[in-house]
>>> print(open('target.txt').read())   # compact mmCIF, C-alpha atoms
# COMPACT_ATOMS: atom_id res chain seq x y z
CA MET M 1 -5.04 9.38 9.23
CA ILE M 2 -5.80 11.93 6.51
CA ILE M 3 -2.95 12.39 4.04
CA ASP M 4 -2.97 15.02 1.29
CA CYS M 5 -1.11 13.78 -1.79
CA HIS M 6 -0.57 17.19 -3.37
CA GLN M 7 0.54 20.41 -1.71
CA HIS M 8 3.21 22.89 -2.75
CA VAL M 9 5.44 24.85 -0.41
CA VAL M 10 3.55 27.80 1.10
CA LEU M 11 5.48 30.62 2.78
CA PRO M 12 5.77 31.04 5.68
CA THR M 13 5.66 27.36 6.57
CA GLY M 14 3.84 28.03 9.83
CA THR M 15 0.77 29.22 7.94
CA GLN M 16 0.69 25.98 5.94
CA ILE M 17 0.87 23.85 9.07
CA ALA M 18 -1.85 25.95 10.71
CA ALA M 19 -4.08 25.46 7.66
CA MET M 20 -3.46 21.71 7.81
CA ASP M 21 -4.51 21.73 11.46
CA GLU M 22 -7.69 23.65 10.63
CA ALA M 23 -8.51 21.26 7.78
CA GLY M 24 -7.83 18.17 9.87
CA ILE M 25 -5.02 16.98 7.59
CA ASP M 26 -2.42 14.92 9.43
CA ARG M 27 0.31 14.75 6.80
CA THR M 28 0.89 15.98 3.28
CA VAL M 29 3.10 15.25 0.31
CA LEU M 30 5.03 18.49 -0.10
CA LEU M 31 6.21 19.61 -3.52
CA SER M 32 8.54 22.46 -4.41
CA THR M 33 7.30 25.47 -6.36
CA LEU M 34 8.75 28.43 -8.23
CA PRO M 35 5.68 30.70 -8.11
CA HIS M 36 4.09 31.63 -4.78
CA ILE M 37 0.54 32.76 -5.42
CA GLU M 38 -0.06 32.97 -1.66
CA ARG M 39 2.01 36.16 -1.74
CA SER M 40 -0.43 37.84 -4.13
CA THR M 41 -2.24 40.85 -2.72
CA ASP M 42 -4.07 42.06 -5.84
CA LEU M 43 -4.79 41.07 -9.42
CA SER M 44 -1.50 42.41 -10.77
CA SER M 45 0.66 40.47 -8.31
CA PHE M 46 -1.43 37.35 -8.90
CA LYS M 47 -0.89 37.65 -12.66
CA ARG M 48 2.86 37.99 -12.10
CA GLU M 49 2.99 34.77 -10.11
CA MET M 50 0.76 32.98 -12.60
CA SER M 51 3.03 34.01 -15.46
CA VAL M 52 5.85 32.21 -13.65
CA LEU M 53 3.58 29.18 -13.22
CA GLY M 54 2.83 29.21 -16.95
CA LYS M 55 6.54 28.94 -17.72
CA VAL M 56 6.94 26.09 -15.22
CA LEU M 57 4.00 24.13 -16.62
CA SER M 58 5.18 24.54 -20.19
CA GLY M 59 8.65 23.33 -19.26
CA ASP M 60 10.26 26.71 -20.00
CA ALA M 61 11.42 27.36 -16.42
CA ASP M 62 13.87 25.26 -14.47
CA GLY M 63 14.98 27.32 -11.50
CA ARG M 64 15.43 24.29 -9.21
CA GLU M 65 17.85 25.83 -6.75
CA ALA M 66 15.55 28.24 -4.88
CA PRO M 67 12.51 25.90 -4.81
CA SER M 68 14.71 23.03 -3.59
CA ARG M 69 16.10 25.23 -0.84
CA GLU M 70 12.59 26.30 0.22
CA LEU M 71 11.49 22.69 0.30
CA ARG M 72 14.39 21.72 2.56
CA SER M 73 13.61 24.61 4.88
CA ALA M 74 9.92 23.67 5.07
CA LEU M 75 10.82 20.06 5.84
CA ALA M 76 13.12 21.15 8.64
CA GLU M 77 10.32 23.21 10.20
CA GLY M 78 7.41 20.86 9.53
CA GLY M 79 9.06 17.59 10.55
CA ASP M 80 6.96 14.50 9.98
CA ARG M 81 3.91 16.52 8.96
CA PHE M 82 5.48 16.66 5.50
CA ILE M 83 6.44 13.89 3.07
CA ALA M 84 8.80 15.26 0.43
CA PHE M 85 8.74 14.63 -3.31
CA GLY M 86 11.65 16.02 -5.33
CA LYS M 87 11.28 17.53 -8.78
CA VAL M 88 13.24 16.20 -11.76
CA PRO M 89 13.33 18.04 -15.12
CA VAL M 90 11.46 16.44 -18.01
CA GLY M 91 12.93 16.16 -21.50
CA GLN M 92 16.58 15.59 -20.60
CA GLY M 93 18.65 12.63 -21.69
CA PHE M 94 18.87 9.52 -19.55
CA GLU M 95 22.25 10.26 -17.96
CA GLU M 96 21.25 13.83 -17.06
CA THR M 97 17.99 12.53 -15.63
CA VAL M 98 19.81 9.97 -13.48
CA LYS M 99 22.03 12.73 -12.07
CA ALA M 100 19.04 14.95 -11.32
CA LEU M 101 17.17 12.08 -9.67
CA GLN M 102 20.17 11.35 -7.48
CA GLN M 103 20.61 14.98 -6.47
CA GLU M 104 16.98 16.02 -6.02
CA VAL M 105 15.39 12.83 -4.67
CA LEU M 106 17.69 9.98 -3.71
CA ASP M 107 20.43 11.89 -1.87
CA PRO M 108 17.99 13.77 0.40
CA GLY M 109 15.98 10.57 0.91
CA TYR M 110 12.67 11.86 -0.43
CA ALA M 111 9.63 9.61 -0.80
CA GLY M 112 8.78 10.27 -4.43
CA VAL M 113 9.25 12.31 -7.59
CA GLY M 114 7.15 15.24 -8.69
CA GLU M 115 5.39 17.25 -9.68
CA LEU M 116 6.62 16.51 -13.23
CA THR M 117 5.72 19.29 -15.66
CA PHE M 118 6.19 19.71 -19.41
CA GLY M 119 4.71 21.45 -22.42
CA ALA M 120 1.62 20.44 -24.37
CA ASP M 121 2.04 17.15 -26.25
CA GLU M 122 5.52 16.61 -24.79
CA ALA M 123 4.79 13.73 -22.42
CA ALA M 124 7.17 11.49 -24.38
CA GLY M 125 9.93 13.41 -22.59
CA LEU M 126 8.89 11.60 -19.41
CA GLU M 127 10.40 8.30 -20.55
CA PRO M 128 13.94 8.92 -19.20
CA VAL M 129 12.39 9.74 -15.81
CA PHE M 130 10.36 6.53 -15.84
CA GLN M 131 13.44 4.53 -16.81
CA ALA M 132 15.66 6.17 -14.18
CA VAL M 133 13.09 5.65 -11.44
CA SER M 134 12.47 2.04 -12.46
CA GLU M 135 16.19 1.35 -11.96
CA ALA M 136 16.56 3.29 -8.70
CA LYS M 137 15.05 1.61 -5.67
CA SER M 138 14.42 3.29 -2.35
CA GLY M 139 14.92 0.24 -0.18
CA ALA M 140 12.57 -2.40 -1.58
CA ARG M 141 10.17 0.23 -2.92
CA THR M 142 10.02 1.93 -6.32
CA LEU M 143 9.49 5.67 -5.99
CA PRO M 144 6.10 6.97 -7.13
CA LEU M 145 5.86 9.71 -9.76
CA LEU M 146 3.33 12.55 -9.59
CA VAL M 147 2.70 13.86 -13.12
CA HIS M 148 0.92 17.17 -13.71
CA GLY M 149 -2.43 16.42 -15.33
CA PHE M 150 -4.05 19.79 -16.01
CA ALA M 151 -3.40 22.31 -18.83
CA PRO M 152 -1.17 22.65 -20.75
CA GLN M 153 -1.16 18.84 -20.73
CA THR M 154 -3.48 17.39 -23.35
CA ALA M 155 -5.54 14.22 -23.65
CA GLY M 156 -2.66 12.87 -25.72
CA ASP M 157 -0.28 13.58 -22.85
CA ILE M 158 -2.52 11.64 -20.45
CA ARG M 159 -2.52 8.71 -22.87
CA THR M 160 1.26 8.89 -23.32
CA THR M 161 1.73 8.93 -19.54
CA ALA M 162 -0.53 5.88 -19.30
CA ALA M 163 1.43 4.10 -22.04
CA LEU M 164 4.66 4.73 -20.13
CA ALA M 165 3.04 3.33 -16.99
CA ARG M 166 2.29 0.17 -18.98
CA LYS M 167 5.89 0.04 -20.21
CA PHE M 168 7.31 0.47 -16.69
CA PRO M 169 4.86 -1.54 -14.55
CA SER M 170 7.03 -1.35 -11.41
CA VAL M 171 6.69 2.47 -11.26
CA PRO M 172 3.61 3.81 -9.43
CA VAL M 173 2.31 6.80 -11.40
CA ILE M 174 -0.05 9.40 -9.95
CA VAL M 175 -2.01 11.39 -12.53
CA GLY M 176 -2.25 14.86 -11.03
CA VAL M 177 -5.36 16.95 -10.46
CA LEU M 178 -7.71 14.29 -11.80
CA GLY M 179 -6.42 14.68 -15.34
CA GLY M 180 -7.90 18.18 -15.63
CA LEU M 181 -10.33 18.51 -18.51
CA ASN M 182 -9.58 14.91 -19.43
CA TRP M 183 -10.83 13.50 -16.11
CA LEU M 184 -13.18 10.93 -17.65
CA GLU M 185 -10.48 9.38 -19.82
CA ALA M 186 -8.07 9.51 -16.88
CA ILE M 187 -10.48 7.48 -14.74
CA GLU M 188 -10.86 4.90 -17.51
CA LEU M 189 -7.08 4.59 -17.95
CA VAL M 190 -6.51 4.18 -14.21
CA LYS M 191 -9.11 1.39 -14.23
CA GLU M 192 -7.12 -0.42 -16.92
CA ILE M 193 -3.55 0.04 -15.67
CA PRO M 194 -2.76 -1.29 -12.18
CA ASN M 195 0.20 1.01 -11.45
CA LEU M 196 -1.76 4.19 -12.25
CA TYR M 197 -3.25 6.27 -9.42
CA LEU M 198 -5.48 9.33 -9.52
CA ASP M 199 -4.98 12.51 -7.53
CA LEU M 200 -8.45 13.94 -6.79
CA ALA M 201 -7.28 17.54 -6.27
CA SER M 202 -8.77 20.56 -8.01
CA SER M 203 -11.79 18.85 -9.51
CA PHE M 204 -13.96 21.41 -11.24
CA VAL M 205 -16.75 18.82 -11.65
CA SER M 206 -17.86 17.60 -8.23
CA LEU M 207 -19.21 14.38 -9.73
CA ALA M 208 -15.74 13.40 -10.98
CA PRO M 209 -14.22 12.32 -7.63
CA ARG M 210 -17.41 10.44 -6.78
CA LEU M 211 -17.24 8.46 -10.02
CA ALA M 212 -13.51 7.85 -9.62
CA ALA M 213 -13.84 6.58 -6.06
CA ALA M 214 -16.77 4.36 -7.03
CA GLU M 215 -14.80 2.76 -9.89
CA ILE M 216 -11.28 2.57 -8.41
CA PRO M 217 -11.42 3.26 -4.64
CA GLU M 218 -8.10 1.48 -4.09
CA ARG M 219 -6.22 3.86 -6.43
CA CYS M 220 -7.74 7.27 -5.71
CA LEU M 221 -5.83 9.73 -3.53
CA PHE M 222 -7.16 12.75 -1.69
CA GLY M 223 -5.29 15.89 -2.71
CA SER M 224 -5.81 19.63 -2.41
CA ASN M 225 -3.27 21.26 -4.78
CA THR M 226 -2.55 23.89 -2.13
CA PRO M 227 -2.12 26.87 -2.58
CA PHE M 228 -3.93 26.74 -5.92
CA ALA M 229 -6.99 25.40 -4.10
CA ASP M 230 -8.17 25.37 -0.51
CA MET M 231 -7.28 22.26 1.48
CA TYR M 232 -10.26 22.49 3.86
CA SER M 233 -12.78 22.81 1.02
CA ASN M 234 -11.19 19.96 -0.91
CA ARG M 235 -11.30 17.68 2.12
CA VAL M 236 -15.01 18.41 2.66
CA LEU M 237 -15.76 17.89 -1.05
CA ILE M 238 -14.06 14.51 -1.26
CA GLU M 239 -15.54 13.25 2.00
CA ARG M 240 -19.00 14.34 0.87
CA MET M 241 -18.65 12.79 -2.58
CA VAL M 242 -17.35 9.44 -1.28
CA PRO M 243 -20.20 8.24 0.96
CA ASP M 244 -18.98 4.67 1.50
CA PRO M 245 -16.93 4.67 4.74
CA SER M 246 -14.51 1.99 3.59
CA ALA M 247 -13.82 3.69 0.24
CA ARG M 248 -13.55 7.06 1.95
CA ALA M 249 -10.93 5.77 4.38
CA ARG M 250 -8.90 4.40 1.49
CA VAL M 251 -9.12 7.61 -0.51
CA MET M 252 -8.38 9.94 2.42
CA GLY M 253 -5.17 8.24 3.48
CA GLU M 254 -4.96 4.46 3.42
CA ASN M 255 -4.08 4.20 -0.27
CA LEU M 256 -1.26 6.72 -0.05
CA ALA M 257 0.05 5.21 3.19
CA GLU M 258 0.30 1.84 1.43
CA LEU M 259 1.87 3.38 -1.67
CA LEU M 260 4.55 5.17 0.37
CA GLY M 261 5.11 2.37 2.89
CA LEU M 262 3.96 4.51 5.82
CA ALA M 263 2.95 3.04 9.16
CA ALA M 264 -0.79 2.96 9.70
CA GLY M 265 -2.06 5.73 11.89
>>> encode(input="target.txt", output="structure tokens")
Amino acid sequence: MIIDCHQHVVLPTGTQIAAMDEAGIDRTVLLSTLPHIERSTDLSSFKREMSVLGKVLSGDADGREAPSRELRSALAEGGDRFIAFGKVPVGQGFEETVKALQQEVLDPGYAGVGELTFGADEAAGLEPVFQAVSEAKSGARTLPLLVHGFAPQTAGDIRTTAALARKFPSVPVIVGVLGGLNWLEAIELVKEIPNLYLDLASSFVSLAPRLAAAEIPERCLFGSNTPFADMYSNRVLIERMVPDPSARARVMGENLAELLGLAAG
């Protein structure tokens, strides 16, 4: 079973499911989104959507209501093809974070938390989320966190995220999009910290996922970062760059299935 650890809601949902079918992806972790770059028809409309994304990634945009509603609608249409993660704001106090976690993740019964976004050098604001998640079990399982790893996040943010993973060892933490420009340090940190995982989406250096899977095959996760990258191309890239069949099977779905407590398929 091939499971994508990182897709955002694409509208209409039917086009996303059709693209999954074409790419041979069985299931995907589905994340909410405020911008919808798939609606862009020219450079101007693309820039408008990307300006919204810039605000989201810097932590300057909340706007949870509409993205949460779109996520619920996509889940209703996509059924078990989708595995939902709910977004929780970063930088709030502990009590506010607990309330948001309850509303956005626990009450709807979602499988994880993410994608967590924040401004450059502001990863310390993640600590209330880590604490809240560490105290909130979903059955016998601690919810995994998917943390944005590309710009505007810095190398310092990657290190702070890793330090929080050390502090809260029961919380599985997925470093998103291979740590972006800091992919080499991200791989080294994941090697050191057993509750850190690496999302292999959006690698701009094709050697990076190969090195990651060679070093830590049990904690690398196939991802596409749809719609910001193409799921079919990402699947082919990762399968090509992970030649060992056993490691490839782990990366393409087994690791995430174990992390989320999914039945083998």
>>> closest_residue(input="target.txt", among="M:Ala165, M:Ala76, M:Leu126, M:Leu262", to="His148 (chain M)", atoms="all atoms listed in the file")
M:Leu126
>>> atom_distance(input="target.txt", atom1="CA of Gly114 (chain M)", atom2="CA of Leu146 (chain M)")
4.8 Å
>>> atom_distance(input="target.txt", atom1="CA of Ala124 (chain M)", atom2="CA of Phe85 (chain M)")
21.4 Å
>>> closest_atom_pairs(input="target.txt", of="region 135-227 of chain M", to="region 13-35 of chain M", cutoff="12 Å", atoms="only C-alpha atoms", output="tab-separated table")
residue	atom	partner	partner_atom	distance
M:Pro144	CA	M:Val29	CA	11.5
M:Leu145	CA	M:Leu31	CA	11.7
M:Leu146	CA	M:Leu31	CA	9.7
M:Val147	CA	M:Leu31	CA	11.7
M:His148	CA	M:Leu31	CA	11.7
M:Asp199	CA	M:Val29	CA	11.6
M:Leu221	CA	M:Val29	CA	11.2
M:Phe222	CA	M:Thr28	CA	10.0
M:Gly223	CA	M:Thr28	CA	8.6
M:Ser224	CA	M:Thr28	CA	9.5
M:Asn225	CA	M:Leu31	CA	9.7
M:Thr226	CA	M:Gln16	CA	8.9
M:Pro227	CA	M:Gln16	CA	9.0
>>> write_last_selection(input="target.txt", atoms="C-alpha atoms", output="tab-separated table (two decimals), in the coordinates of the input")
chain	number	residue	atom	x	y	z
M	144	PRO	CA	6.10	6.97	-7.13
M	145	LEU	CA	5.86	9.71	-9.76
M	146	LEU	CA	3.33	12.55	-9.59
M	147	VAL	CA	2.70	13.86	-13.12
M	148	HIS	CA	0.92	17.17	-13.71
M	199	ASP	CA	-4.98	12.51	-7.53
M	221	LEU	CA	-5.83	9.73	-3.53
M	222	PHE	CA	-7.16	12.75	-1.69
M	223	GLY	CA	-5.29	15.89	-2.71
M	224	SER	CA	-5.81	19.63	-2.41
M	225	ASN	CA	-3.27	21.26	-4.78
M	226	THR	CA	-2.55	23.89	-2.13
M	227	PRO	CA	-2.12	26.87	-2.58
>>> atom_distance(input="target.txt", atom1="CA of Asn234 (chain M)", atom2="CA of Ala201 (chain M)")
7.1 Å
>>> residues_around(input="target.txt", residues="Ala249 (chain M)", least_positions_apart="4", cutoff="12 Å", atoms="only C-alpha atoms", output="compact mmCIF listing (two decimals) with C-alpha atoms, in the frame of the given file")
# COMPACT_ATOMS: atom_id res chain seq x y z
CA MET M 1 -5.04 9.38 9.23
CA ILE M 2 -5.80 11.93 6.51
CA ILE M 3 -2.95 12.39 4.04
CA ALA M 213 -13.84 6.58 -6.06
CA PRO M 217 -11.42 3.26 -4.64
CA GLU M 218 -8.10 1.48 -4.09
CA ARG M 219 -6.22 3.86 -6.43
CA CYS M 220 -7.74 7.27 -5.71
CA LEU M 221 -5.83 9.73 -3.53
CA PHE M 222 -7.16 12.75 -1.69
CA ILE M 238 -14.06 14.51 -1.26
CA GLU M 239 -15.54 13.25 2.00
CA VAL M 242 -17.35 9.44 -1.28
CA PRO M 243 -20.20 8.24 0.96
CA ASP M 244 -18.98 4.67 1.50
CA PRO M 245 -16.93 4.67 4.74
CA GLY M 253 -5.17 8.24 3.48
CA GLU M 254 -4.96 4.46 3.42
CA ASN M 255 -4.08 4.20 -0.27
CA LEU M 256 -1.26 6.72 -0.05
CA ALA M 257 0.05 5.21 3.19
CA ALA M 264 -0.79 2.96 9.70
CA GLY M 265 -2.06 5.73 11.89
>>> closest_residue(input="target.txt", among="M:Leu211, M:Met252, M:Val113, M:Val205", to="Ala100 (chain M)", atoms="only C-alpha atoms")
M:Val113
>>> closest_residue(input="target.txt", among="M:Glu185, M:Asp4, M:Asp42, M:Glu258", to="Arg81 (chain M)", atoms="all atoms listed in the file")
M:Asp4
>>> residues_around(input="target.txt", residues="region 106-109 of chain M", least_positions_apart="4", cutoff="12 Å", atoms="only C-alpha atoms", output="PyMOL selection string")
chain M and resi 68-69+71-72+75+83-88+98-102+113+132-133+136-139+142-143
>>> residues_around(input="target.txt", residues="Ala120 (chain M)", least_positions_apart="2", cutoff="7 Å", atoms="only C-alpha atoms", output="ChimeraX atom specification")
/M:58,118,122,152-154
>>> closest_residue(input="target.txt", among="M:Glu192, M:Glu215, M:Glu38, M:Glu65", to="Glu104 (chain M)", atoms="only C-alpha atoms")
M:Glu65
>>> closest_residue(input="target.txt", among="M:Ala162, M:Val177, M:Val171, M:Ala66", to="Lys191 (chain M)", atoms="all atoms listed in the file")
M:Ala162
